[in-house]
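Shown next: protein.cif, containing mmCIF, C-alpha atoms.
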data_final
loop_
_atom_site.label_atom_id
_atom_site.label_comp_id
_atom_site.auth_asym_id
_atom_site.auth_seq_id
_atom_site.Cartn_x
_atom_site.Cartn_y
_atom_site.Cartn_z
CA ALA A 1 92.07 99.95 91.73
CA GLN A 2 94.33 97.39 93.41
CA TYR A 3 92.45 94.51 91.79
CA ALA A 4 92.11 96.25 88.41
CA ASN A 5 95.81 97.15 88.17
CA GLN A 6 97.12 93.72 89.13
CA LEU A 7 99.33 92.38 86.34
CA ILE A 8 97.99 89.35 84.49
CA THR A 9 100.22 86.99 82.49
CA ASN A 10 98.74 86.41 79.03
CA PRO A 11 98.97 83.13 77.10
CA ASP A 12 101.75 84.64 74.95
CA GLY A 13 103.84 85.40 78.04
CA THR A 14 103.28 89.17 78.09
CA GLN A 15 101.82 90.96 81.09
CA GLU A 16 99.14 93.63 81.31
CA PRO A 17 96.79 95.11 83.95
CA ARG A 18 93.68 93.05 84.55
CA PHE A 19 91.43 95.91 83.41
CA ALA A 20 92.29 98.91 81.23
CA ILE A 21 90.20 101.37 79.27
CA ASN A 22 91.26 103.37 76.21
CA THR A 23 88.44 105.40 74.75
CA VAL A 24 87.29 108.87 73.77
CA ILE A 25 83.74 110.01 74.56
CA SER A 26 83.18 112.41 71.68
CA SER A 27 79.40 112.69 71.57
CA GLN A 28 76.64 113.63 73.99
CA VAL A 29 75.19 110.56 75.68
CA ASP A 30 73.01 109.99 78.73
CA ALA A 31 75.33 110.31 81.75
CA TYR A 32 74.06 107.22 83.56
CA ARG A 33 74.51 105.13 80.41
CA VAL A 34 78.13 106.30 80.14
CA LEU A 35 78.77 105.38 83.77
CA GLN A 36 77.30 101.93 83.13
CA ASP A 37 79.61 101.48 80.15
CA LEU A 38 82.63 102.58 82.20
CA ALA A 39 81.68 100.20 85.02
CA SER A 40 81.38 97.29 82.57
CA THR A 41 85.12 97.63 81.95
CA PHE A 42 85.86 96.17 85.40
CA ARG A 43 82.80 93.85 85.63
CA GLY A 44 80.98 96.49 87.62
CA MET A 45 77.35 97.37 88.15
CA THR A 46 75.83 100.75 88.99
CA TYR A 47 72.79 101.53 91.12
CA TRP A 48 71.15 104.54 92.74
CA SER A 49 71.27 104.81 96.54
CA SER A 50 71.24 107.68 99.05
CA ASN A 51 70.92 110.22 96.23
CA THR A 52 74.21 109.11 94.69
CA ILE A 53 75.31 106.62 92.06
CA GLN A 54 77.01 103.62 93.67
CA VAL A 55 79.34 101.15 91.94
CA LYS A 56 80.10 97.53 92.80
CA ALA A 57 82.44 95.10 91.02
CA ASP A 58 82.16 91.34 90.61
CA HIS A 59 85.49 89.88 91.65
CA GLY A 60 87.13 87.82 94.39
CA ASN A 61 89.03 89.09 97.39
CA LEU A 62 92.09 91.28 96.90
CA ASP A 63 94.34 88.52 98.25
CA GLY A 64 93.35 86.31 95.31
CA SER A 65 90.98 84.00 97.21
CA LEU A 66 87.57 83.44 95.65
CA ASP A 67 85.57 82.51 98.78
CA ILE A 68 83.88 85.85 99.52
CA ASP A 69 82.65 86.37 103.06
CA PRO A 70 78.94 87.30 103.22
CA VAL A 71 77.96 90.71 104.57
CA HIS A 72 74.67 89.53 106.11
CA LEU A 73 72.81 86.38 107.11
CA TYR A 74 69.21 85.42 106.36
CA SER A 75 67.27 82.45 107.68
CA ASN A 76 63.65 81.34 107.91
CA SER A 77 63.47 83.30 111.17
CA ASN A 78 63.94 86.77 109.65
CA VAL A 79 62.07 86.60 106.34
CA LEU A 80 58.39 87.30 105.89
CA GLY A 81 56.38 84.09 105.90
CA GLY A 82 59.47 82.09 106.88
CA SER A 83 60.21 80.91 103.34
CA PHE A 84 62.38 81.69 100.33
CA THR A 85 61.37 81.57 96.67
CA TYR A 86 63.80 80.00 94.19
CA SER A 87 63.73 80.19 90.41
CA GLY A 88 66.11 79.01 87.73
CA THR A 89 67.45 81.05 84.86
CA SER A 90 66.40 80.19 81.33
CA LEU A 91 68.64 77.83 79.38
CA LYS A 92 68.51 80.35 76.55
CA THR A 93 70.48 82.84 78.67
CA ARG A 94 73.48 80.52 78.96
CA SER A 95 75.80 81.36 76.12
CA THR A 96 78.12 78.72 74.72
CA SER A 97 79.77 80.94 72.10
CA LEU A 98 80.56 84.63 72.52
CA ARG A 99 81.73 87.13 69.91
CA ILE A 100 83.51 89.99 71.66
CA ARG A 101 84.11 93.21 69.76
CA TYR A 102 87.13 95.31 70.74
CA ASN A 103 89.44 97.88 69.13
CA ASP A 104 92.56 96.29 67.64
CA PRO A 105 95.67 98.52 68.08
CA ASP A 106 97.50 96.46 65.43
CA ASN A 107 94.89 97.47 62.86
CA PHE A 108 94.66 101.23 63.53
CA TYR A 109 92.20 100.59 66.39
CA ARG A 110 89.52 99.38 64.04
CA SER A 111 86.81 97.11 65.41
CA ALA A 112 87.82 93.45 65.64
CA THR A 113 85.99 90.35 66.83
CA LEU A 114 87.29 87.62 69.12
CA VAL A 115 85.39 84.35 69.57
CA VAL A 116 85.29 82.52 72.91
CA GLU A 117 83.63 79.10 73.03
CA ASN A 118 83.15 76.37 75.61
CA TYR A 119 82.80 72.99 73.94
CA ASP A 120 81.55 71.27 77.10
CA LEU A 121 78.71 73.81 77.32
CA ILE A 122 77.99 73.42 73.59
CA THR A 123 77.55 69.69 74.16
CA LYS A 124 75.30 70.38 77.16
CA TYR A 125 73.15 73.29 75.93
CA GLY A 126 73.72 73.39 72.17
CA TYR A 127 75.19 76.24 70.15
CA GLN A 128 73.91 79.51 71.63
CA SER A 129 75.80 82.52 70.34
CA LYS A 130 75.82 86.10 71.60
CA GLU A 131 77.73 89.23 70.62
CA ILE A 132 79.00 91.68 73.25
CA VAL A 133 81.02 94.89 73.07
CA ALA A 134 84.09 95.29 75.29
CA PHE A 135 83.80 99.02 75.96
CA GLY A 136 87.13 100.85 75.69
CA CYS A 137 89.05 97.58 75.27
CA THR A 138 92.17 97.56 73.08
CA SER A 139 93.58 94.22 74.22
CA LYS A 140 92.49 90.91 72.74
CA TRP A 141 93.50 89.18 75.97
CA GLN A 142 91.30 91.46 78.06
CA ALA A 143 88.47 90.82 75.59
CA GLN A 144 89.08 87.08 75.97
CA ARG A 145 88.96 87.35 79.79
CA LEU A 146 85.68 89.26 79.53
CA GLY A 147 84.15 86.54 77.38
CA ARG A 148 85.34 83.74 79.66
CA TRP A 149 84.00 85.56 82.73
CA MET A 150 80.61 86.20 81.15
CA MET A 151 80.28 82.60 80.02
CA ALA A 152 81.23 81.30 83.46
CA ALA A 153 78.84 83.74 85.18
CA GLU A 154 75.92 82.60 83.04
CA GLU A 155 76.72 78.96 83.78
CA LEU A 156 77.31 79.31 87.53
CA ASP A 157 74.63 81.88 88.40
CA ARG A 158 71.80 79.57 87.49
CA GLU A 159 69.51 80.17 90.46
CA VAL A 160 67.73 83.28 91.68
CA ILE A 161 66.37 83.66 95.21
CA SER A 162 63.80 86.22 96.33
CA PHE A 163 62.30 86.97 99.74
CA THR A 164 60.81 89.77 101.82
CA VAL A 165 62.34 91.12 105.02
CA GLY A 166 61.66 93.82 107.60
CA LEU A 167 63.84 96.79 108.42
CA GLU A 168 66.45 94.61 110.17
CA GLY A 169 67.11 92.79 106.92
CA ILE A 170 67.91 95.87 104.85
CA ALA A 171 71.65 95.49 105.27
CA VAL A 172 72.70 94.38 101.80
CA TYR A 173 73.31 96.50 98.70
CA PRO A 174 73.35 95.36 95.06
CA GLY A 175 76.56 93.57 94.22
CA GLN A 176 77.21 92.33 97.77
CA VAL A 177 77.23 88.66 98.78
CA PHE A 178 74.91 87.40 101.53
CA ALA A 179 74.31 84.00 103.13
CA VAL A 180 71.05 82.05 103.42
CA ALA A 181 70.37 79.27 105.94
CA ASP A 182 67.18 77.64 104.64
CA GLU A 183 66.00 74.75 106.81
CA LYS A 184 63.90 73.39 103.94
CA ARG A 185 67.07 72.81 101.92
CA GLN A 186 69.38 71.90 104.79
CA GLY A 187 66.93 69.28 106.06
CA ALA A 188 67.12 70.52 109.66
CA ARG A 189 66.67 73.74 111.62
CA LEU A 190 70.23 75.00 111.97
CA ALA A 191 69.43 78.72 112.30
CA GLY A 192 67.22 80.91 114.42
CA ARG A 193 67.24 83.86 116.80
CA ILE A 194 69.55 84.50 119.74
CA ALA A 195 67.89 84.47 123.18
CA SER A 196 70.96 85.86 124.95
CA ALA A 197 74.66 86.17 124.25
CA ASN A 198 78.08 87.42 125.21
CA VAL A 199 81.38 87.28 123.36
CA ASN A 200 82.07 83.65 124.38
CA TYR A 201 78.73 81.90 123.84
CA ILE A 202 75.14 82.35 122.76
CA THR A 203 71.88 80.89 124.00
CA ALA A 204 69.75 79.90 121.03
CA ASP A 205 65.98 79.74 120.73
CA GLN A 206 66.06 75.92 120.70
CA ASN A 207 68.11 72.99 121.96
CA ILE A 208 71.01 72.38 119.60
CA ALA A 209 71.91 69.13 117.85
CA LEU A 210 75.02 69.56 115.72
CA PRO A 211 74.76 68.20 112.17
CA PHE A 212 76.69 65.14 111.08
CA GLY A 213 80.33 65.77 110.29
CA THR A 214 83.13 67.93 111.61
CA ASN A 215 84.38 71.52 111.50
CA HIS A 216 81.23 72.97 113.05
CA LYS A 217 81.03 76.76 112.97
CA LEU A 218 78.68 79.34 114.43
CA THR A 219 77.75 82.45 112.45
CA CYS A 220 76.05 85.35 114.21
CA THR A 221 74.76 88.76 113.20
CA LEU A 222 76.35 91.64 115.09
CA ALA A 223 74.91 95.03 116.05
CA ASP A 224 76.08 96.75 112.85
CA GLY A 225 74.43 94.10 110.64
CA SER A 226 77.70 92.36 109.74
CA VAL A 227 78.34 88.70 110.50
CA GLU A 228 81.14 86.84 112.27
CA THR A 229 81.90 83.13 112.14
CA LYS A 230 83.63 81.21 114.94
CA ASP A 231 84.51 77.57 115.60
CA ILE A 232 82.15 75.78 117.98
CA SER A 233 83.92 74.26 121.01
CA SER A 234 80.93 72.63 122.72
CA VAL A 235 77.14 72.57 122.93
CA ASP A 236 75.03 72.26 126.09
CA GLY A 237 71.29 72.27 125.44
CA ALA A 238 70.56 75.62 123.84
CA THR A 239 73.98 77.06 124.72
CA ILE A 240 76.65 77.16 122.01
CA ASN A 241 80.21 77.82 123.19
CA ILE A 242 82.84 79.08 120.78
CA SER A 243 86.62 78.62 120.78
CA THR A 244 87.54 82.28 120.22
CA PRO A 245 85.41 85.25 121.30
CA PHE A 246 83.37 87.49 119.03
CA SER A 247 84.64 91.03 118.54
CA VAL A 248 81.43 92.27 120.23
CA SER A 249 78.48 90.47 121.79
CA PRO A 250 75.78 89.51 119.27
CA LEU A 251 72.47 91.24 119.86
CA GLU A 252 69.51 89.46 121.39
CA GLN A 253 66.94 88.39 118.77
CA SER A 254 69.55 88.63 116.00
CA ILE A 255 70.22 85.67 113.70
CA TRP A 256 72.52 82.69 114.34
CA SER A 257 73.40 79.80 112.04
CA ILE A 258 75.40 76.57 112.31
CA SER A 259 77.42 75.05 109.49
CA GLY A 260 79.81 72.12 109.18
CA SER A 261 81.51 69.75 106.80
CA SER A 262 78.18 68.23 105.73
CA VAL A 263 75.99 71.35 105.57
CA THR A 264 76.60 75.04 105.09
CA GLU A 265 74.81 78.26 104.19
CA GLN A 266 74.09 79.14 100.58
CA LYS A 267 75.67 82.25 99.12
CA PHE A 268 74.00 84.65 96.71
CA ARG A 269 74.91 87.99 95.18
CA CYS A 270 72.32 90.73 95.51
CA LEU A 271 71.04 91.94 92.13
CA SER A 272 68.24 94.30 93.12
CA ILE A 273 66.14 95.54 96.04
CA ASN A 274 62.52 96.52 95.53
#

Rewrite the coordinates I just gave you, this time as structure tokens.
Amino acid sequence: AQYANQLITNPDGTQEPRFAINTVISSQVDAYRVLQDLASTFRGMTYWSSNTIQVKADHGNLDGSLDIDPVHLYSNSNVLGGSFTYSGTSLKTRSTSLRIRYNDPDNFYRSATLVVENYDLITKYGYQSKEIVAFGCTSKWQAQRLGRWMMAAEELDREVISFTVGLEGIAVYPGQVFAVADEKRQGARLAGRIASANVNYITADQNIALPFGTNHKLTCTLADGSVETKDISSVDGATINISTPFSVSPLEQSIWSISGSSVTEQKFRCLSIN
């Protein structure tokens, strides 16, 4: 609600909440479909978990920053077969022109169409048009923001990753962001399992050679499945010392990862769990 109600300044100088819905549900419709439509108003997605319908929204942090911290860490050490599978999205799914239908309050709330186009993408992918419905939307500016977000999402979310994990890896729900340290992409083994640890250092499962660059950080998985990242102060063989202590000691055999100015973990948003 805090993110949805934040006032946005429109191009004409007026202000309005980021998301608003004005609609009347006057006919009998499948309940789950209605919830999906309602969630689409705030860029949300619905899924079934623990015998309840869960909702997640696609947005940045509440403080306005866009760098979302991952909720879990995966590496070659905790996926089945030690490898990840990558696939690209089809070029046909990347819209370059969107027609957004909304209800125009200046025309007795009749259906109106707003066009959002990206000329750089048209030059790159050609003219690929799509029509979407902004459910419950009565603001042309909100409809414009929806179109710009959808076009940016299709352009940026061009890669899909899939992998299989054991019970320890089931710590991410649809809509959440997780990190991946893949040695085949990083060019070196910068992640593994913790042999022993306390709040001030960990002993890794190999001798450590920090990657080229500066700003080296250590990310570890804690007992509750969450991750914490700390600055590395020094390395001695397989021992990695950190500048500030972890909130709790990382568990033995949990996952660690090293990042720096020249290499870092990849971030993905979970779409589904099978």

Which one of A:Gly175, A:Leu222, A:Trp256, A:Arg101 sits closest to Met45 in chain A if you count only C-alpha atoms?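 Answer, going by the shortest atom-to-atom distance: A:Gly175.
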
Result set of the PyMOL selection byres ((chain A and resi 67-77) around 7) on the coordinates above, as a PyMOL selection string: chain A and resi 60-61+65-66+78-79+82-83+171-172+177-182+191-193+221+225-227

Convert the output of the PyMOL selection byres ((chain A and resi 11) around 12) on the shown file into explicit residues, formatted as an MDAnalysis selection string. chainID A and resid 8:10 12:16 140:142 144:145

From the list A:Val24, A:Ile122, A:Ala57, A:Val34, which residue is nearest Glu155 in chain A when using only C-alpha atoms? A:Ile122

Written as a list in words, what is the full residue list that the PyMOL selection byres ((chain A and resi 249) around 6) yields on the file shown?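 Selected by the PyMOL selection byres ((chain A and resi 249) around 6) in this file: Asn198, Val199, Val248 and Pro250 of chain A.
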
Using all atoms listed in the file, which of the listed residues (A:Ser111, A:Gln176, A:Thr239, A:Gln28) sits closest to Asp205 in chain A?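 Checking each of A:Ser111, A:Gln176, A:Thr239, A:Gln28 against Asp205 in chain A, counting all atoms listed in the file, the winner is A:Thr239.
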
Could you state the separation of CA of Asp104 in chain A and CA of Ala143 in chain A in Å, given to one decimal place?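 A separation of 10.5 Å between them.
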
Select from range 149-215 of chain A every residue with an atom at most 12 Å from any atom of range 114-117 of chain A, then for each give the shortest pair of atoms and their distance in Å to one decimal, using only C-alpha atoms, rows by chain and rising number, as CSV.
residue,atom,partner,partner_atom,distance
A:Trp149,CA,A:Val116,CA,10.4
A:Met150,CA,A:Val116,CA,10.2
A:Met151,CA,A:Glu117,CA,8.5
A:Ala152,CA,A:Glu117,CA,10.9

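Counting all atoms listed in the file, the residue from A:Ser40, A:Phe268, A:Thr244, A:Ser254 that sits nearest to Cys220 in chain A is A:Ser254.
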
Length of the CA of Gln266 in chain A to CA of Ser234 in chain A vector [Å]: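 Between CA of Gln266 in chain A and CA of Ser234 in chain A the gap is 24.1 Å.
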
List as a PyMOL selection string: which residues have an atom within 9 Å of (85.2, 96.6, 80.0), counting all atoms listed in the file? chain A and resi 19-21+37-44+133-137+142-143+146

Please produce a file of the residues just selected, as a PDB file, keeping the file's coordinate frame, where the atoms kept are C-alpha atoms.
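Okay, this is what ended up in result-v1.pdb:
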ATOM      1  CA  PHE A  19      91.430  95.910  83.410  1.00  0.00           C
ATOM      2  CA  ALA A  20      92.290  98.910  81.230  1.00  0.00           C
ATOM      3  CA  ILE A  21      90.200 101.370  79.270  1.00  0.00           C
ATOM      4  CA  ASP A  37      79.610 101.480  80.150  1.00  0.00           C
ATOM      5  CA  LEU A  38      82.630 102.580  82.200  1.00  0.00           C
ATOM      6  CA  ALA A  39      81.680 100.200  85.020  1.00  0.00           C
ATOM      7  CA  SER A  40      81.380  97.290  82.570  1.00  0.00           C
ATOM      8  CA  THR A  41      85.120  97.630  81.950  1.00  0.00           C
ATOM      9  CA  PHE A  42      85.860  96.170  85.400  1.00  0.00           C
ATOM     10  CA  ARG A  43      82.800  93.850  85.630  1.00  0.00           C
ATOM     11  CA  GLY A  44      80.980  96.490  87.620  1.00  0.00           C
ATOM     12  CA  VAL A 133      81.020  94.890  73.070  1.00  0.00           C
ATOM     13  CA  ALA A 134      84.090  95.290  75.290  1.00  0.00           C
ATOM     14  CA  PHE A 135      83.800  99.020  75.960  1.00  0.00           C
ATOM     15  CA  GLY A 136      87.130 100.850  75.690  1.00  0.00           C
ATOM     16  CA  CYS A 137      89.050  97.580  75.270  1.00  0.00           C
ATOM     17  CA  GLN A 142      91.300  91.460  78.060  1.00  0.00           C
ATOM     18  CA  ALA A 143      88.470  90.820  75.590  1.00  0.00           C
ATOM     19  CA  LEU A 146      85.680  89.260  79.530  1.00  0.00           C
TER      20      LEU A 146
END

Which of A:Asp231, A:Glu154, A:Glu183, A:Glu168 sits closest to Phe84 in chain A [using only C-alpha atoms]: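 Counting only C-alpha atoms, the residue closest to Phe84 in chain A is A:Glu183.
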
So what do you get for CA of Leu91 in chain A versus CA of Leu121 in chain A, distance-wise?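 Pair CA of Leu91 in chain A / CA of Leu121 in chain A returns 11.0 Å.
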
Given only C-alpha atoms as the basis, pick out the residue of A:Ser50, A:Ser162, A:Thr214, A:Thr23 nearest to Asn103 in chain A.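 Answer, going by the shortest atom-to-atom distance: A:Thr23.
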
Repair of range 102-113 of chain A at the level of all heavy atoms, as a PDB file, keeping the file's coordinate frame:
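Below is the file that was written, part-v5.pdb:
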ATOM      1  N   TYR A 102      86.193  94.406  70.080  1.00  0.00           N
ATOM      2  CA  TYR A 102      87.130  95.310  70.740  1.00  0.00           C
ATOM      3  C   TYR A 102      87.883  96.092  69.662  1.00  0.00           C
ATOM      4  O   TYR A 102      87.762  95.808  68.467  1.00  0.00           O
ATOM      5  CB  TYR A 102      88.107  94.519  71.626  1.00  0.00           C
ATOM      6  CG  TYR A 102      89.122  93.706  70.848  1.00  0.00           C
ATOM      7  CD1 TYR A 102      90.437  94.150  70.721  1.00  0.00           C
ATOM      8  CD2 TYR A 102      88.778  92.493  70.244  1.00  0.00           C
ATOM      9  CE1 TYR A 102      91.369  93.414  70.000  1.00  0.00           C
ATOM     10  CE2 TYR A 102      89.696  91.758  69.527  1.00  0.00           C
ATOM     11  CZ  TYR A 102      90.994  92.223  69.408  1.00  0.00           C
ATOM     12  OH  TYR A 102      91.921  91.507  68.688  1.00  0.00           O
ATOM     13  N   ASN A 103      88.668  97.064  70.073  1.00  0.00           N
ATOM     14  CA  ASN A 103      89.440  97.880  69.130  1.00  0.00           C
ATOM     15  C   ASN A 103      90.860  97.334  69.043  1.00  0.00           C
ATOM     16  O   ASN A 103      91.565  97.277  70.055  1.00  0.00           O
ATOM     17  CB  ASN A 103      89.457  99.337  69.575  1.00  0.00           C
ATOM     18  CG  ASN A 103      88.070  99.952  69.568  1.00  0.00           C
ATOM     19  OD1 ASN A 103      87.298  99.728  68.635  1.00  0.00           O
ATOM     20  ND2 ASN A 103      87.736 100.700  70.608  1.00  0.00           N
ATOM     21  N   ASP A 104      91.275  96.940  67.859  1.00  0.00           N
ATOM     22  CA  ASP A 104      92.560  96.290  67.640  1.00  0.00           C
ATOM     23  C   ASP A 104      93.651  97.338  67.381  1.00  0.00           C
ATOM     24  O   ASP A 104      93.646  97.994  66.333  1.00  0.00           O
ATOM     25  CB  ASP A 104      92.461  95.326  66.461  1.00  0.00           C
ATOM     26  CG  ASP A 104      93.713  94.485  66.302  1.00  0.00           C
ATOM     27  OD1 ASP A 104      94.669  94.669  67.093  1.00  0.00           O
ATOM     28  OD2 ASP A 104      93.734  93.637  65.386  1.00  0.00           O
ATOM     29  N   PRO A 105      94.608  97.516  68.295  1.00  0.00           N
ATOM     30  CA  PRO A 105      95.670  98.520  68.080  1.00  0.00           C
ATOM     31  C   PRO A 105      96.596  98.153  66.926  1.00  0.00           C
ATOM     32  O   PRO A 105      97.280  99.030  66.381  1.00  0.00           O
ATOM     33  CB  PRO A 105      96.418  98.525  69.412  1.00  0.00           C
ATOM     34  CG  PRO A 105      96.149  97.189  70.018  1.00  0.00           C
ATOM     35  CD  PRO A 105      94.764  96.814  69.580  1.00  0.00           C
ATOM     36  N   ASP A 106      96.654  96.874  66.540  1.00  0.00           N
ATOM     37  CA  ASP A 106      97.500  96.460  65.430  1.00  0.00           C
ATOM     38  C   ASP A 106      96.852  96.719  64.069  1.00  0.00           C
ATOM     39  O   ASP A 106      97.462  96.461  63.033  1.00  0.00           O
ATOM     40  CB  ASP A 106      97.849  94.975  65.553  1.00  0.00           C
ATOM     41  CG  ASP A 106      98.686  94.686  66.790  1.00  0.00           C
ATOM     42  OD1 ASP A 106      99.479  95.561  67.173  1.00  0.00           O
ATOM     43  OD2 ASP A 106      98.537  93.591  67.380  1.00  0.00           O
ATOM     44  N   ASN A 107      95.603  97.178  64.101  1.00  0.00           N
ATOM     45  CA  ASN A 107      94.890  97.470  62.860  1.00  0.00           C
ATOM     46  C   ASN A 107      94.263  98.867  62.950  1.00  0.00           C
ATOM     47  O   ASN A 107      93.095  99.056  62.637  1.00  0.00           O
ATOM     48  CB  ASN A 107      93.821  96.407  62.588  1.00  0.00           C
ATOM     49  CG  ASN A 107      93.226  96.521  61.201  1.00  0.00           C
ATOM     50  OD1 ASN A 107      93.864  97.032  60.270  1.00  0.00           O
ATOM     51  ND2 ASN A 107      91.994  96.041  61.048  1.00  0.00           N
ATOM     52  N   PHE A 108      95.076  99.835  63.430  1.00  0.00           N
ATOM     53  CA  PHE A 108      94.660 101.230  63.530  1.00  0.00           C
ATOM     54  C   PHE A 108      93.402 101.397  64.401  1.00  0.00           C
ATOM     55  O   PHE A 108      92.569 102.243  64.139  1.00  0.00           O
ATOM     56  CB  PHE A 108      94.427 101.822  62.135  1.00  0.00           C
ATOM     57  CG  PHE A 108      95.627 101.740  61.236  1.00  0.00           C
ATOM     58  CD1 PHE A 108      95.707 100.755  60.264  1.00  0.00           C
ATOM     59  CD2 PHE A 108      96.696 102.629  61.387  1.00  0.00           C
ATOM     60  CE1 PHE A 108      96.818 100.655  59.436  1.00  0.00           C
ATOM     61  CE2 PHE A 108      97.801 102.533  60.559  1.00  0.00           C
ATOM     62  CZ  PHE A 108      97.883 101.548  59.587  1.00  0.00           C
ATOM     63  N   TYR A 109      93.294 100.547  65.413  1.00  0.00           N
ATOM     64  CA  TYR A 109      92.200 100.590  66.390  1.00  0.00           C
ATOM     65  C   TYR A 109      90.825 100.417  65.753  1.00  0.00           C
ATOM     66  O   TYR A 109      89.816 100.900  66.283  1.00  0.00           O
ATOM     67  CB  TYR A 109      92.248 101.896  67.200  1.00  0.00           C
ATOM     68  CG  TYR A 109      93.454 101.955  68.111  1.00  0.00           C
ATOM     69  CD1 TYR A 109      94.642 102.544  67.668  1.00  0.00           C
ATOM     70  CD2 TYR A 109      93.411 101.410  69.387  1.00  0.00           C
ATOM     71  CE1 TYR A 109      95.765 102.588  68.480  1.00  0.00           C
ATOM     72  CE2 TYR A 109      94.524 101.458  70.214  1.00  0.00           C
ATOM     73  CZ  TYR A 109      95.698 102.040  69.763  1.00  0.00           C
ATOM     74  OH  TYR A 109      96.801 102.074  70.572  1.00  0.00           O
ATOM     75  N   ARG A 110      90.811  99.719  64.636  1.00  0.00           N
ATOM     76  CA  ARG A 110      89.520  99.380  64.040  1.00  0.00           C
ATOM     77  C   ARG A 110      88.867  98.256  64.851  1.00  0.00           C
ATOM     78  O   ARG A 110      89.524  97.506  65.552  1.00  0.00           O
ATOM     79  CB  ARG A 110      89.690  98.961  62.589  1.00  0.00           C
ATOM     80  CG  ARG A 110      90.158 100.079  61.657  1.00  0.00           C
ATOM     81  CD  ARG A 110      90.080  99.632  60.207  1.00  0.00           C
ATOM     82  NE  ARG A 110      90.451 100.698  59.273  1.00  0.00           N
ATOM     83  CZ  ARG A 110      91.660 100.837  58.744  1.00  0.00           C
ATOM     84  NH1 ARG A 110      92.617  99.963  59.044  1.00  0.00           N
ATOM     85  NH2 ARG A 110      91.912 101.825  57.913  1.00  0.00           N
ATOM     86  N   SER A 111      87.547  98.131  64.683  1.00  0.00           N
ATOM     87  CA  SER A 111      86.810  97.110  65.410  1.00  0.00           C
ATOM     88  C   SER A 111      87.213  95.713  64.947  1.00  0.00           C
ATOM     89  O   SER A 111      87.320  95.449  63.742  1.00  0.00           O
ATOM     90  CB  SER A 111      85.303  97.301  65.208  1.00  0.00           C
ATOM     91  OG  SER A 111      84.573  96.305  65.877  1.00  0.00           O
ATOM     92  N   ALA A 112      87.475  94.838  65.924  1.00  0.00           N
ATOM     93  CA  ALA A 112      87.820  93.450  65.640  1.00  0.00           C
ATOM     94  C   ALA A 112      86.947  92.548  66.497  1.00  0.00           C
ATOM     95  O   ALA A 112      86.371  92.981  67.505  1.00  0.00           O
ATOM     96  CB  ALA A 112      89.300  93.195  65.907  1.00  0.00           C
ATOM     97  N   THR A 113      86.846  91.300  66.113  1.00  0.00           N
ATOM     98  CA  THR A 113      85.990  90.350  66.830  1.00  0.00           C
ATOM     99  C   THR A 113      86.803  89.143  67.271  1.00  0.00           C
ATOM    100  O   THR A 113      87.569  88.576  66.495  1.00  0.00           O
ATOM    101  CB  THR A 113      84.829  89.869  65.939  1.00  0.00           C
ATOM    102  OG1 THR A 113      84.041  91.006  65.542  1.00  0.00           O
ATOM    103  CG2 THR A 113      83.939  88.896  66.691  1.00  0.00           C
TER     104      THR A 113
END
